[in-house]
Amino acid sequence: FMAIVTLILAFSFQNTLQARKTADITYIQRMASLLIYELEADPESPTALLSYYERETQVYSILKDASGSVLFQSSPETSENLEALAEKVGAMSAETAAASADGQGVTQQGGCVEITGDNRERYLAVPADIRTQAGDRYFLTLFYRQPSMQSLLLKHLPPCCAIWLLALGAILFVSRVLLRRAFEPTERMLQSQKDFVAAASHELKSPLAVIMANVETIQNAGQADSRTQKSLSVIDTECVRMAKLVRDMLFLAASDADKWTIQTEEVNIDTLLI
């Protein structure tokens, strides 16, 4: 059952990652559409516009003019080089670049691509070829940094562990209750058996003592013949053996009931060994 719980938690974590990735893709695509719309309207300062969006939305960008000169480049707190990432995006978006080079004079927005930098940081990127109302041409590449797998795992690990431990505790509790109910008839039967053995052993002592006393009386009277004396000797021997069995039964009954104690004392080891 705990294996099933673990698989369910792993499946839930996988779905969470997929939902997060889908939400990030939707977010970067909407931001790209919004920025492209505002750049098409010929803002007074495209660099100020991109800088504002970088501060407010954590979306990084590289803006180039028609000649390929960099007009704006974000400087995020990351070890990755955005220029190198932009080259990777350009290589992955070759079809979009070919479509935008056909001279139709319309804005072309590429699809969202996922890239990994040299330092294993993951980004979502959207390239675009923008034609403004004034006839200017910009090449824009937007980047959105995705959280690392380690950070996502550390974020979701505490609640997953809490759920796992709660499930384990619930299973142990339910199992204990069910096992206790399942063993109740057996325990009652065993207890009844122990009580019977203890009672029977105790009750057998009295008739045995009476038999042995009467046998001894007849033997001491000296009126019985040799055959009768032999029979009385056999009865006495068997009564002694049965008395020993009764004592053993009483000892076992006391040990099952945890009513006997161990008495320790110093002994001579040589004598014990001999």
# chains A, B, ... in the order shown; residues from 1 in each chain; ligands from 1
>>> select_by_dssp(residues="range 36-127 of chain A", states="strand (DSSP E)", output="JSON list (two decimals) with N, CA and C atoms, in the first residue's frame")
[["chain", "number", "residue", "atom", "x", "y", "z"],
["A", 60, "TYR", "N", 13.51, 38.31, -19.67],
["A", 60, "TYR", "CA", 14.73, 38.88, -20.23],
["A", 60, "TYR", "C", 14.64, 38.91, -21.75],
["A", 61, "SER", "N", 15.41, 39.80, -22.33],
["A", 61, "SER", "CA", 15.28, 39.97, -23.78],
["A", 61, "SER", "C", 16.58, 40.47, -24.40],
["A", 62, "ILE", "N", 16.68, 40.23, -25.70],
["A", 62, "ILE", "CA", 17.73, 40.80, -26.54],
["A", 62, "ILE", "C", 17.04, 41.40, -27.76],
["A", 63, "LEU", "N", 17.29, 42.68, -28.01],
["A", 63, "LEU", "CA", 16.68, 43.39, -29.13],
["A", 63, "LEU", "C", 17.77, 43.84, -30.09],
["A", 64, "LYS", "N", 17.61, 43.47, -31.36],
["A", 64, "LYS", "CA", 18.57, 43.86, -32.39],
["A", 64, "LYS", "C", 17.84, 44.58, -33.51],
["A", 65, "ASP", "N", 18.61, 45.44, -34.19],
["A", 65, "ASP", "CA", 18.02, 46.13, -35.34],
["A", 65, "ASP", "C", 18.20, 45.28, -36.59],
["A", 70, "VAL", "N", 23.06, 45.12, -31.50],
["A", 70, "VAL", "CA", 22.28, 44.95, -30.27],
["A", 70, "VAL", "C", 21.84, 46.31, -29.77],
["A", 71, "LEU", "N", 20.51, 46.48, -29.67],
["A", 71, "LEU", "CA", 19.96, 47.71, -29.13],
["A", 71, "LEU", "C", 19.72, 47.60, -27.62],
["A", 72, "PHE", "N", 19.38, 46.44, -27.18],
["A", 72, "PHE", "CA", 19.13, 46.22, -25.75],
["A", 72, "PHE", "C", 19.42, 44.76, -25.42],
["A", 73, "GLN", "N", 20.06, 44.55, -24.28],
["A", 73, "GLN", "CA", 20.32, 43.20, -23.80],
["A", 73, "GLN", "C", 20.17, 43.19, -22.28],
["A", 108, "GLN", "N", 6.69, 38.38, -37.56],
["A", 108, "GLN", "CA", 6.69, 36.92, -37.42],
["A", 108, "GLN", "C", 7.11, 36.56, -35.99],
["A", 109, "GLN", "N", 6.25, 35.80, -35.31],
["A", 109, "GLN", "CA", 6.58, 35.34, -33.96],
["A", 109, "GLN", "C", 6.84, 33.85, -33.99],
["A", 113, "VAL", "N", 10.47, 27.70, -27.43],
["A", 113, "VAL", "CA", 11.45, 26.62, -27.41],
["A", 113, "VAL", "C", 12.07, 26.55, -26.02],
["A", 114, "GLU", "N", 12.49, 25.37, -25.65],
["A", 114, "GLU", "CA", 13.15, 25.15, -24.37],
["A", 114, "GLU", "C", 14.62, 24.87, -24.61],
["A", 115, "ILE", "N", 15.47, 25.64, -23.97],
["A", 115, "ILE", "CA", 16.90, 25.50, -24.15],
["A", 115, "ILE", "C", 17.57, 25.38, -22.79],
["A", 116, "THR", "N", 18.74, 24.78, -22.81],
["A", 116, "THR", "CA", 19.54, 24.62, -21.60],
["A", 116, "THR", "C", 20.89, 25.27, -21.82],
["A", 122, "ARG", "N", 17.83, 26.17, -17.28],
["A", 122, "ARG", "CA", 16.82, 25.95, -18.30],
["A", 122, "ARG", "C", 16.02, 27.24, -18.55],
["A", 123, "TYR", "N", 15.79, 27.53, -19.83],
["A", 123, "TYR", "CA", 15.06, 28.74, -20.23],
["A", 123, "TYR", "C", 14.01, 28.38, -21.27],
["A", 124, "LEU", "N", 12.92, 29.15, -21.23],
["A", 124, "LEU", "CA", 11.95, 29.16, -22.32],
["A", 124, "LEU", "C", 12.21, 30.41, -23.15],
["A", 125, "ALA", "N", 12.25, 30.26, -24.45],
["A", 125, "ALA", "CA", 12.59, 31.39, -25.31],
["A", 125, "ALA", "C", 11.59, 31.50, -26.46],
["A", 126, "VAL", "N", 11.32, 32.75, -26.85],
["A", 126, "VAL", "CA", 10.41, 33.04, -27.97],
["A", 126, "VAL", "C", 11.10, 34.06, -28.88],
["A", 127, "PRO", "N", 11.45, 33.69, -30.12],
["A", 127, "PRO", "CA", 12.03, 34.66, -31.06],
["A", 127, "PRO", "C", 10.93, 35.36, -31.87]]
>>> residues_around(residues="range 194-201 of chain A", least_positions_apart="3", cutoff="10 Å", atoms="only C-alpha atoms", output="list in words")
Arg188, Met189, Leu190, Gln191, Leu204, Lys205, Ser206, Ala243, Leu245, Val246, Arg247, Asp248, Met249, Leu250, Phe251, Leu252, Ala253, Ala254, Asp256 and Ala257 of chain A
>>> write_last_selection(atoms="N, CA and C atoms", output="PDB file, in the first residue's frame")
ATOM      1  N   ARG A 188      -8.447 -15.107  23.365  1.00  0.00           N
ATOM      2  CA  ARG A 188      -9.412 -15.599  24.363  1.00  0.00           C
ATOM      3  C   ARG A 188      -9.317 -17.112  24.501  1.00  0.00           C
ATOM      4  N   MET A 189      -9.161 -17.809  23.367  1.00  0.00           N
ATOM      5  CA  MET A 189      -9.048 -19.260  23.421  1.00  0.00           C
ATOM      6  C   MET A 189      -7.781 -19.689  24.152  1.00  0.00           C
ATOM      7  N   LEU A 190      -6.666 -19.008  23.851  1.00  0.00           N
ATOM      8  CA  LEU A 190      -5.416 -19.353  24.532  1.00  0.00           C
ATOM      9  C   LEU A 190      -5.498 -19.063  26.029  1.00  0.00           C
ATOM     10  N   GLN A 191      -6.142 -17.947  26.377  1.00  0.00           N
ATOM     11  CA  GLN A 191      -6.281 -17.616  27.788  1.00  0.00           C
ATOM     12  C   GLN A 191      -7.155 -18.639  28.503  1.00  0.00           C
ATOM     13  N   LEU A 204      -5.919 -31.176  40.689  1.00  0.00           N
ATOM     14  CA  LEU A 204      -5.406 -32.560  40.706  1.00  0.00           C
ATOM     15  C   LEU A 204      -4.508 -32.830  41.908  1.00  0.00           C
ATOM     16  N   LYS A 205      -4.018 -31.808  42.542  1.00  0.00           N
ATOM     17  CA  LYS A 205      -3.116 -32.022  43.683  1.00  0.00           C
ATOM     18  C   LYS A 205      -3.834 -32.689  44.859  1.00  0.00           C
ATOM     19  N   SER A 206      -5.065 -32.296  45.105  1.00  0.00           N
ATOM     20  CA  SER A 206      -5.799 -32.839  46.271  1.00  0.00           C
ATOM     21  C   SER A 206      -6.075 -34.339  46.138  1.00  0.00           C
ATOM     22  N   ALA A 243       2.289 -36.590  40.165  1.00  0.00           N
ATOM     23  CA  ALA A 243       2.484 -35.379  40.959  1.00  0.00           C
ATOM     24  C   ALA A 243       3.548 -34.492  40.327  1.00  0.00           C
ATOM     25  N   LEU A 245       4.216 -34.396  37.121  1.00  0.00           N
ATOM     26  CA  LEU A 245       3.587 -33.790  35.938  1.00  0.00           C
ATOM     27  C   LEU A 245       2.693 -32.611  36.337  1.00  0.00           C
ATOM     28  N   VAL A 246       1.975 -32.762  37.447  1.00  0.00           N
ATOM     29  CA  VAL A 246       1.117 -31.664  37.917  1.00  0.00           C
ATOM     30  C   VAL A 246       1.957 -30.461  38.291  1.00  0.00           C
ATOM     31  N   ARG A 247       3.102 -30.691  38.961  1.00  0.00           N
ATOM     32  CA  ARG A 247       3.982 -29.559  39.309  1.00  0.00           C
ATOM     33  C   ARG A 247       4.501 -28.873  38.044  1.00  0.00           C
ATOM     34  N   ASP A 248       4.856 -29.678  37.035  1.00  0.00           N
ATOM     35  CA  ASP A 248       5.317 -29.076  35.759  1.00  0.00           C
ATOM     36  C   ASP A 248       4.213 -28.248  35.108  1.00  0.00           C
ATOM     37  N   MET A 249       2.986 -28.774  35.149  1.00  0.00           N
ATOM     38  CA  MET A 249       1.867 -28.019  34.570  1.00  0.00           C
ATOM     39  C   MET A 249       1.638 -26.716  35.318  1.00  0.00           C
ATOM     40  N   LEU A 250       1.739 -26.765  36.636  1.00  0.00           N
ATOM     41  CA  LEU A 250       1.580 -25.532  37.417  1.00  0.00           C
ATOM     42  C   LEU A 250       2.693 -24.543  37.109  1.00  0.00           C
ATOM     43  N   PHE A 251       3.910 -25.048  36.925  1.00  0.00           N
ATOM     44  CA  PHE A 251       5.029 -24.162  36.591  1.00  0.00           C
ATOM     45  C   PHE A 251       4.810 -23.497  35.232  1.00  0.00           C
ATOM     46  N   LEU A 252       4.362 -24.291  34.245  1.00  0.00           N
ATOM     47  CA  LEU A 252       4.094 -23.725  32.907  1.00  0.00           C
ATOM     48  C   LEU A 252       2.960 -22.710  32.963  1.00  0.00           C
ATOM     49  N   ALA A 253       1.924 -23.014  33.729  1.00  0.00           N
ATOM     50  CA  ALA A 253       0.815 -22.063  33.843  1.00  0.00           C
ATOM     51  C   ALA A 253       1.275 -20.766  34.486  1.00  0.00           C
ATOM     52  N   ALA A 254       2.130 -20.880  35.511  1.00  0.00           N
ATOM     53  CA  ALA A 254       2.640 -19.665  36.159  1.00  0.00           C
ATOM     54  C   ALA A 254       3.542 -18.871  35.222  1.00  0.00           C
ATOM     55  N   ASP A 256       3.359 -18.814  31.890  1.00  0.00           N
ATOM     56  CA  ASP A 256       2.513 -18.179  30.874  1.00  0.00           C
ATOM     57  C   ASP A 256       1.831 -16.937  31.424  1.00  0.00           C
ATOM     58  N   ALA A 257       1.507 -16.985  32.716  1.00  0.00           N
ATOM     59  CA  ALA A 257       0.844 -15.826  33.331  1.00  0.00           C
ATOM     60  C   ALA A 257       1.835 -14.796  33.859  1.00  0.00           C
TER      61      ALA A 257
END
>>> select_by_dssp(residues="range 27-252 of chain A", states="alpha helix (DSSP H)", output="ChimeraX atom specification")
/A:27-40,46-57,82-92,94-100,149-221,226-252
>>> atom_distance(atom1="CA of Lys21 in chain A", atom2="CA of Tyr37 in chain A")
24.3 Å
>>> closest_residue(among="A:Lys244, A:Leu273, A:Phe139, A:Arg145", to="Gly68 in chain A", atoms="only C-alpha atoms")
A:Phe139
>>> atom_distance(atom1="CA of Ser231 in chain A", atom2="CA of Val210 in chain A")
16.9 Å
>>> atom_distance(atom1="CA of Ile130 in chain A", atom2="CA of Glu40 in chain A")
6.7 Å
>>> residues_around(residues="Gln14 in chain A", least_positions_apart="5", cutoff="12 Å", atoms="only C-alpha atoms", output="ChimeraX atom specification")
/A:7-9,19-21,149,152-153,156
>>> closest_residue(among="A:Leu35, A:Ala48, A:Ala209, A:Cys112", to="Cys239 in chain A", atoms="only C-alpha atoms")
A:Ala209
